[in-house]
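Accompanying notes for the structure given below.
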Amino acid sequence: MHLGTTLTQFLIEEQRRVQGATGDFTGLLNDVVTAIKMISNGVNHGGLLGVLGAAGSENVQGEEQKKMDVISNEIFLKRNEWAGHLAAMASEEMDEPYQIPPGNPRGKYLLLFDPLDGSSNMDVNVSVGSIFSILRCPGDKNVDGPTPVEAFLQPGVKQVCAGYAIYGPSTMLVLTTGHGVNGFTLDPNVGEFVLTHENMRIPEDTKEFAINMSNYRFWEAPVRRYVDECIQGKEGPRGKDFNMRWVASMVAEVHRILTRGGVFMYPMDSKLKEKGGKLRLMYEANPMSFIVEQAGGASSTGHSRILEIQPTHIHQRVPVILGSKNEVERIVAYHKEAA
Ligand code: AHG
Ligand code: MN
Ligand code: MN
Ligand code: MN
């Protein structure tokens, strides 16, 4: 039995440190955590619950939705629409922002999420996750009418909180409110997350990179140069051997980097030009960049800091290069040299 700090205790103790805190934020996180526990339960039971396979629909991203994409999205909505903490929600799986149903109280926060990340891994029983981001809703929460989409278009530096859940060998929740990064492990028998990874830090140097190598021929010159140098190993300009990983679940890659360092790239390439990149700024890149920076790492498109991008669209996509600081800085320098 692990008698460490529970997540509930951690959140309440954090709340006590903020003068004038109303408990609104703690209440919101509690509901997000309940959603995550329910998704974890669905993911863990997999085929037993009949949640594997395709849903037979396509999302706004043009991706085939998995059953579990749709179920996880529904869980996030249902757990968070009733309590009065939110003005609206936005999801990778929905075309438009989700409005709080009439009759429910409205709150001052906005919740954005990727309900199931790495969902192509669902059917093959490999780690998946959920990613979320919390913003303050500008303006007066008592104003009638729907929350406009513009309310969401805030740069990542404005995030109040970001987190992800990883449904792996154990279910973990990793969280930042802008004061470092903490990791909690779900005790499935008790139904509580317990603080197991206090103040997670990303080593500044690494010998491990993560990228989908099958896109090599589409990459831009600076990314090719970086990877070429890595795979030349000891004999090359880096003078050391590198290792490579690609899970195809961003949560799993970021979690590995938070645990032992590394660099993760889904860079710009010639077939992504029109879309702007592969990963979604609001549901993936911003929350993960906030966490990575809070753990001492760095995150960039190759040209600019992700957290400073002024979004123009809720489903906007961006190139992502994140992880160990010195490595990300090197890749950014290669982009500058090539410009
Ligand atoms: P999602 O399942 O939420 O659509 O995200 C998948 C993302 C990300 O998690 C992962 O890093 C990447 O797509 C994998 O892309 P490839 O299949 O191109 O490797
Ligand atoms: Mn998807
Ligand atoms: Mn995703
Ligand atoms: Mn997803």
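The chains in the structure tokens are called A, B, ... from first to last as shown; in each chain the residues are counted from 1, and the ligands are counted from 1 in the order shown.
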Distance limit 10 Å, reference ligand 3, atoms considered: only C-alpha atoms and all ligand atoms. Which residues make the cut? Give them as a PyMOL selection string. chain A and resi 92+113-120+128-131+248-251+278-280+283-285
Convert the current residue selection to file output with C-alpha atoms, as an mmCIF file, in the first residue's frame.
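So result.cif came out as:
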data_model
loop_
_atom_site.group_PDB
_atom_site.id
_atom_site.type_symbol
_atom_site.label_atom_id
_atom_site.label_comp_id
_atom_site.auth_asym_id
_atom_site.auth_seq_id
_atom_site.Cartn_x
_atom_site.Cartn_y
_atom_site.Cartn_z
ATOM 1 C CA GLU A 92 -10.062 17.143 -31.567
ATOM 2 C CA PHE A 113 -8.796 18.039 -25.102
ATOM 3 C CA ASP A 114 -7.560 15.215 -27.257
ATOM 4 C CA PRO A 115 -9.789 12.555 -25.667
ATOM 5 C CA LEU A 116 -7.786 9.613 -26.986
ATOM 6 C CA ASP A 117 -4.272 10.156 -28.247
ATOM 7 C CA GLY A 118 -2.552 7.483 -30.305
ATOM 8 C CA SER A 119 -5.894 5.854 -31.035
ATOM 9 C CA SER A 120 -4.416 3.810 -33.905
ATOM 10 C CA VAL A 128 -2.710 5.369 -25.600
ATOM 11 C CA GLY A 129 -3.549 8.504 -23.622
ATOM 12 C CA SER A 130 -5.637 11.646 -23.160
ATOM 13 C CA ILE A 131 -4.338 15.235 -23.298
ATOM 14 C CA ALA A 248 2.995 6.573 -32.506
ATOM 15 C CA SER A 249 1.255 7.801 -29.344
ATOM 16 C CA MET A 250 2.478 11.307 -28.514
ATOM 17 C CA VAL A 251 1.638 10.766 -24.831
ATOM 18 C CA LYS A 278 0.461 16.903 -38.287
ATOM 19 C CA LEU A 279 -0.165 17.584 -34.616
ATOM 20 C CA ARG A 280 -2.875 19.868 -33.315
ATOM 21 C CA TYR A 283 -5.127 19.757 -28.086
ATOM 22 C CA GLU A 284 -1.615 18.322 -28.406
ATOM 23 C CA ALA A 285 1.215 20.783 -29.031
#
Strand (DSSP E) per DSSP on the backbone: members of segment 130-315 of chain A, as JSON, numbers by chain: {"A": [130, 131, 132, 133, 134, 135, 136, 161, 162, 163, 164, 165, 166, 167, 171, 172, 173, 174, 175, 176, 181, 182, 183, 184, 185, 186, 187, 192, 193, 194, 195, 196, 197, 208, 209, 210, 243, 244, 263, 264, 265, 266, 279, 280, 298, 299, 300]}
Output file for the selection above: N, CA and C atoms, as a short mmCIF file (atom, residue, chain, number, x, y, z; two decimals), in the first residue's frame:
data_model
loop_
_atom_site.label_atom_id
_atom_site.label_comp_id
_atom_site.auth_asym_id
_atom_site.auth_seq_id
_atom_site.Cartn_x
_atom_site.Cartn_y
_atom_site.Cartn_z
N SER A 130 -4.75 10.49 -22.99
CA SER A 130 -5.64 11.65 -23.16
C SER A 130 -4.81 12.89 -22.84
N ILE A 131 -5.09 13.99 -23.55
CA ILE A 131 -4.34 15.24 -23.30
C ILE A 131 -5.36 16.35 -23.07
N PHE A 132 -5.10 17.23 -22.09
CA PHE A 132 -6.03 18.35 -21.90
C PHE A 132 -5.30 19.64 -21.57
N SER A 133 -6.03 20.73 -21.79
CA SER A 133 -5.49 22.07 -21.58
C SER A 133 -6.62 22.93 -21.02
N ILE A 134 -6.29 23.78 -20.04
CA ILE A 134 -7.31 24.65 -19.45
C ILE A 134 -6.91 26.11 -19.64
N LEU A 135 -7.85 26.91 -20.16
CA LEU A 135 -7.65 28.35 -20.35
C LEU A 135 -8.72 29.10 -19.57
N ARG A 136 -8.47 30.36 -19.27
CA ARG A 136 -9.54 31.20 -18.74
C ARG A 136 -10.36 31.71 -19.90
N CYS A 161 -3.46 25.38 -16.85
CA CYS A 161 -3.11 24.01 -16.47
C CYS A 161 -3.05 23.17 -17.73
N ALA A 162 -2.17 22.17 -17.73
CA ALA A 162 -2.16 21.18 -18.81
C ALA A 162 -1.80 19.85 -18.22
N GLY A 163 -2.29 18.80 -18.83
CA GLY A 163 -1.98 17.47 -18.31
C GLY A 163 -2.23 16.41 -19.35
N TYR A 164 -1.71 15.24 -19.07
CA TYR A 164 -2.06 14.08 -19.89
C TYR A 164 -2.21 12.87 -19.00
N ALA A 165 -3.01 11.93 -19.49
CA ALA A 165 -3.08 10.61 -18.86
C ALA A 165 -2.45 9.64 -19.83
N ILE A 166 -1.68 8.69 -19.31
CA ILE A 166 -1.17 7.62 -20.14
C ILE A 166 -1.76 6.31 -19.63
N TYR A 167 -2.41 5.60 -20.58
CA TYR A 167 -2.99 4.30 -20.25
C TYR A 167 -1.99 3.25 -20.72
N THR A 171 -1.85 3.21 -15.26
CA THR A 171 -2.41 4.48 -15.71
C THR A 171 -1.79 5.59 -14.89
N MET A 172 -1.24 6.60 -15.59
CA MET A 172 -0.65 7.74 -14.88
C MET A 172 -1.26 9.04 -15.35
N LEU A 173 -1.24 10.02 -14.44
CA LEU A 173 -1.67 11.38 -14.78
C LEU A 173 -0.49 12.30 -14.51
N VAL A 174 -0.13 13.10 -15.51
CA VAL A 174 0.98 14.03 -15.36
C VAL A 174 0.43 15.44 -15.58
N LEU A 175 0.80 16.34 -14.68
CA LEU A 175 0.08 17.60 -14.55
C LEU A 175 1.02 18.78 -14.32
N THR A 176 0.68 19.93 -14.92
CA THR A 176 1.35 21.17 -14.50
C THR A 176 0.32 22.30 -14.37
N VAL A 181 6.22 19.97 -12.71
CA VAL A 181 5.41 18.86 -13.25
C VAL A 181 5.40 17.72 -12.25
N ASN A 182 4.21 17.20 -11.98
CA ASN A 182 4.10 16.07 -11.06
C ASN A 182 3.34 14.92 -11.70
N GLY A 183 3.75 13.71 -11.35
CA GLY A 183 3.14 12.51 -11.92
C GLY A 183 2.47 11.66 -10.85
N PHE A 184 1.27 11.19 -11.17
CA PHE A 184 0.46 10.40 -10.23
C PHE A 184 0.13 9.06 -10.88
N THR A 185 0.13 8.01 -10.09
CA THR A 185 -0.20 6.68 -10.61
C THR A 185 -1.54 6.24 -10.04
N LEU A 186 -2.39 5.71 -10.92
CA LEU A 186 -3.72 5.26 -10.47
C LEU A 186 -3.60 3.93 -9.75
N ASP A 187 -4.10 3.90 -8.53
CA ASP A 187 -4.26 2.63 -7.83
C ASP A 187 -5.65 2.12 -8.21
N GLU A 192 -7.90 5.86 -6.76
CA GLU A 192 -7.26 7.16 -6.49
C GLU A 192 -5.91 7.22 -7.22
N PHE A 193 -5.59 8.43 -7.68
CA PHE A 193 -4.23 8.68 -8.17
C PHE A 193 -3.35 9.05 -6.97
N VAL A 194 -2.13 8.51 -6.95
CA VAL A 194 -1.20 8.77 -5.86
C VAL A 194 0.08 9.38 -6.43
N LEU A 195 0.59 10.41 -5.77
CA LEU A 195 1.81 11.09 -6.23
C LEU A 195 3.00 10.12 -6.16
N THR A 196 3.50 9.74 -7.34
CA THR A 196 4.63 8.80 -7.40
C THR A 196 5.85 9.43 -8.06
N HIS A 197 5.64 10.51 -8.84
CA HIS A 197 6.74 11.13 -9.59
C HIS A 197 6.71 12.63 -9.31
N GLU A 208 18.74 9.85 -27.45
CA GLU A 208 17.57 9.15 -27.97
C GLU A 208 16.67 10.12 -28.72
N PHE A 209 16.23 9.72 -29.91
CA PHE A 209 15.30 10.57 -30.65
C PHE A 209 14.10 9.75 -31.11
N ALA A 210 12.98 10.44 -31.34
CA ALA A 210 11.74 9.80 -31.77
C ALA A 210 11.18 10.55 -32.96
N ASN A 243 19.96 6.21 -30.00
CA ASN A 243 18.92 5.18 -30.03
C ASN A 243 17.65 5.83 -30.58
N MET A 244 16.78 5.04 -31.20
CA MET A 244 15.54 5.61 -31.73
C MET A 244 14.31 4.86 -31.22
N VAL A 263 14.33 13.42 -27.56
CA VAL A 263 13.72 14.46 -28.38
C VAL A 263 12.66 13.80 -29.26
N PHE A 264 11.52 14.49 -29.39
CA PHE A 264 10.39 14.01 -30.19
C PHE A 264 10.14 15.00 -31.30
N MET A 265 9.96 14.48 -32.51
CA MET A 265 9.69 15.38 -33.64
C MET A 265 8.54 14.88 -34.48
N TYR A 266 7.56 15.74 -34.72
CA TYR A 266 6.68 15.57 -35.87
C TYR A 266 6.81 16.85 -36.66
N LEU A 279 0.43 17.56 -35.95
CA LEU A 279 -0.17 17.58 -34.62
C LEU A 279 -0.95 18.87 -34.39
N ARG A 280 -1.97 18.77 -33.54
CA ARG A 280 -2.88 19.87 -33.32
C ARG A 280 -2.36 20.79 -32.21
N ALA A 298 12.43 21.95 -23.83
CA ALA A 298 12.09 23.01 -24.76
C ALA A 298 11.16 22.47 -25.83
N SER A 299 10.44 23.39 -26.49
CA SER A 299 9.48 22.99 -27.51
C SER A 299 9.36 24.06 -28.58
N SER A 300 9.52 23.66 -29.83
CA SER A 300 9.59 24.63 -30.93
C SER A 300 8.99 24.02 -32.19
#
Could you pull out the alpha helix (DSSP H) residues of segment 280-336 of chain A, going by DSSP on the backbone, and write them as a PyMOL selection string? chain A and resi 286-294+325-336
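Distance annotation: of A:Gly53, A:Glu229, A:His303, A:Ile202, the residue with the minimal separation from Arg256 of chain A is A:Ile202; atom set is only C-alpha atoms.
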Excluding Met268 of chain A and any residue of its chain fewer than 4 positions from it, enumerate the residues within 7 Å of it, using only C-alpha atoms, and give them as JSON, numbers by chain. {"A": [219, 272, 273, 277, 319]}
By how many Å are atom CA of Tyr109 of chain A and atom CA of Cys137 of chain A apart?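 About the pair atom CA of Tyr109 of chain A and atom CA of Cys137 of chain A: they are 5.1 Å apart.
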Rank nothing, just name the residue among A:Gln65, A:Thr259, A:Asn41, A:Thr5 nearest to ligand 4, using only C-alpha atoms and all ligand atoms. A:Gln65
Could you give me, as a ChimeraX atom specification, the residues within 12 Å of Asp123 of chain A, counting only C-alpha atoms and dropping anything in the same chain fewer than 5 positions from it? /A:43-47,50-54,66-69,118,128
Requested write-out: N, CA and C atoms of the selected residues, as an mmCIF file, in the first residue's frame:
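Result went into selection24.cif, see below:
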data_model
loop_
_atom_site.group_PDB
_atom_site.id
_atom_site.type_symbol
_atom_site.label_atom_id
_atom_site.label_comp_id
_atom_site.auth_asym_id
_atom_site.auth_seq_id
_atom_site.Cartn_x
_atom_site.Cartn_y
_atom_site.Cartn_z
ATOM 1 N N VAL A 43 -10.376 1.615 -21.716
ATOM 2 C CA VAL A 43 -9.175 1.193 -22.438
ATOM 3 C C VAL A 43 -8.672 -0.144 -21.872
ATOM 4 N N ASN A 44 -8.633 -0.266 -20.552
ATOM 5 C CA ASN A 44 -8.101 -1.481 -19.912
ATOM 6 C C ASN A 44 -8.935 -2.719 -20.243
ATOM 7 N N HIS A 45 -10.244 -2.538 -20.395
ATOM 8 C CA HIS A 45 -11.085 -3.714 -20.670
ATOM 9 C C HIS A 45 -11.136 -4.060 -22.154
ATOM 10 N N GLY A 46 -10.811 -3.076 -23.000
ATOM 11 C CA GLY A 46 -10.649 -3.324 -24.436
ATOM 12 C C GLY A 46 -11.714 -4.218 -25.045
ATOM 13 N N GLY A 47 -11.266 -5.328 -25.593
ATOM 14 C CA GLY A 47 -12.150 -6.258 -26.297
ATOM 15 C C GLY A 47 -13.277 -6.793 -25.426
ATOM 16 N N GLY A 50 -16.007 -4.509 -25.822
ATOM 17 C CA GLY A 50 -16.384 -4.241 -27.223
ATOM 18 C C GLY A 50 -16.044 -2.843 -27.682
ATOM 19 N N VAL A 51 -14.933 -2.271 -27.171
ATOM 20 C CA VAL A 51 -14.593 -0.885 -27.544
ATOM 21 C C VAL A 51 -13.462 -0.804 -28.565
ATOM 22 N N LEU A 52 -13.076 -1.934 -29.164
ATOM 23 C CA LEU A 52 -12.029 -1.882 -30.188
ATOM 24 C C LEU A 52 -12.661 -1.642 -31.557
ATOM 25 N N GLY A 53 -11.817 -1.236 -32.507
ATOM 26 C CA GLY A 53 -12.291 -1.112 -33.887
ATOM 27 C C GLY A 53 -12.774 0.278 -34.251
ATOM 28 N N ALA A 54 -13.203 0.390 -35.509
ATOM 29 C CA ALA A 54 -13.592 1.679 -36.072
ATOM 30 C C ALA A 54 -15.040 2.019 -35.720
ATOM 31 N N LYS A 66 -11.999 5.948 -34.227
ATOM 32 C CA LYS A 66 -12.106 4.645 -33.567
ATOM 33 C C LYS A 66 -13.285 4.724 -32.595
ATOM 34 N N LYS A 67 -13.849 3.564 -32.276
ATOM 35 C CA LYS A 67 -14.942 3.562 -31.284
ATOM 36 C C LYS A 67 -14.521 4.281 -30.017
ATOM 37 N N MET A 68 -13.287 4.009 -29.578
ATOM 38 C CA MET A 68 -12.836 4.569 -28.306
ATOM 39 C C MET A 68 -12.584 6.081 -28.394
ATOM 40 N N ASP A 69 -12.318 6.608 -29.620
ATOM 41 C CA ASP A 69 -12.225 8.073 -29.802
ATOM 42 C C ASP A 69 -13.563 8.703 -29.445
ATOM 43 N N GLY A 118 -3.205 8.720 -29.852
ATOM 44 C CA GLY A 118 -2.552 7.483 -30.305
ATOM 45 C C GLY A 118 -3.578 6.396 -30.565
ATOM 46 N N VAL A 128 -2.024 4.185 -25.082
ATOM 47 C CA VAL A 128 -2.710 5.369 -25.600
ATOM 48 C C VAL A 128 -2.813 6.372 -24.456
#
In terms of the shortest atom-to-atom distance over only C-alpha atoms, which of A:Glu58, A:Glu220, A:Asp269, A:Asp228 is closest to Ala339 of chain A? A:Glu220
Please, what distance in Å, to one decimal, runs between atom CA of Asp31 of chain A and atom CA of Glu64 of chain A?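 These atoms are spaced 27.8 Å apart.
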Nearest residue to ligand 1 from the set A:Asn80, A:Ser214, A:Gln99, A:Asn125 (distances using only C-alpha atoms and all ligand atoms):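 Result for the nearest residue to ligand 1: A:Ser214.
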Let me make sure I understand: among A:Lys158, A:His315, A:Lys240, A:Arg260, which one has the smallest atom-to-atom distance to ligand 2 if we use only C-alpha atoms and all ligand atoms? A:His315
Looking at A:Gly42, A:Gly323, A:Gly297, A:Gly233, which one is nearest to Gly180 of chain A, with distances taken over only C-alpha atoms?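 Using only C-alpha atoms, the shortest distance to Gly180 of chain A belongs to A:Gly297.
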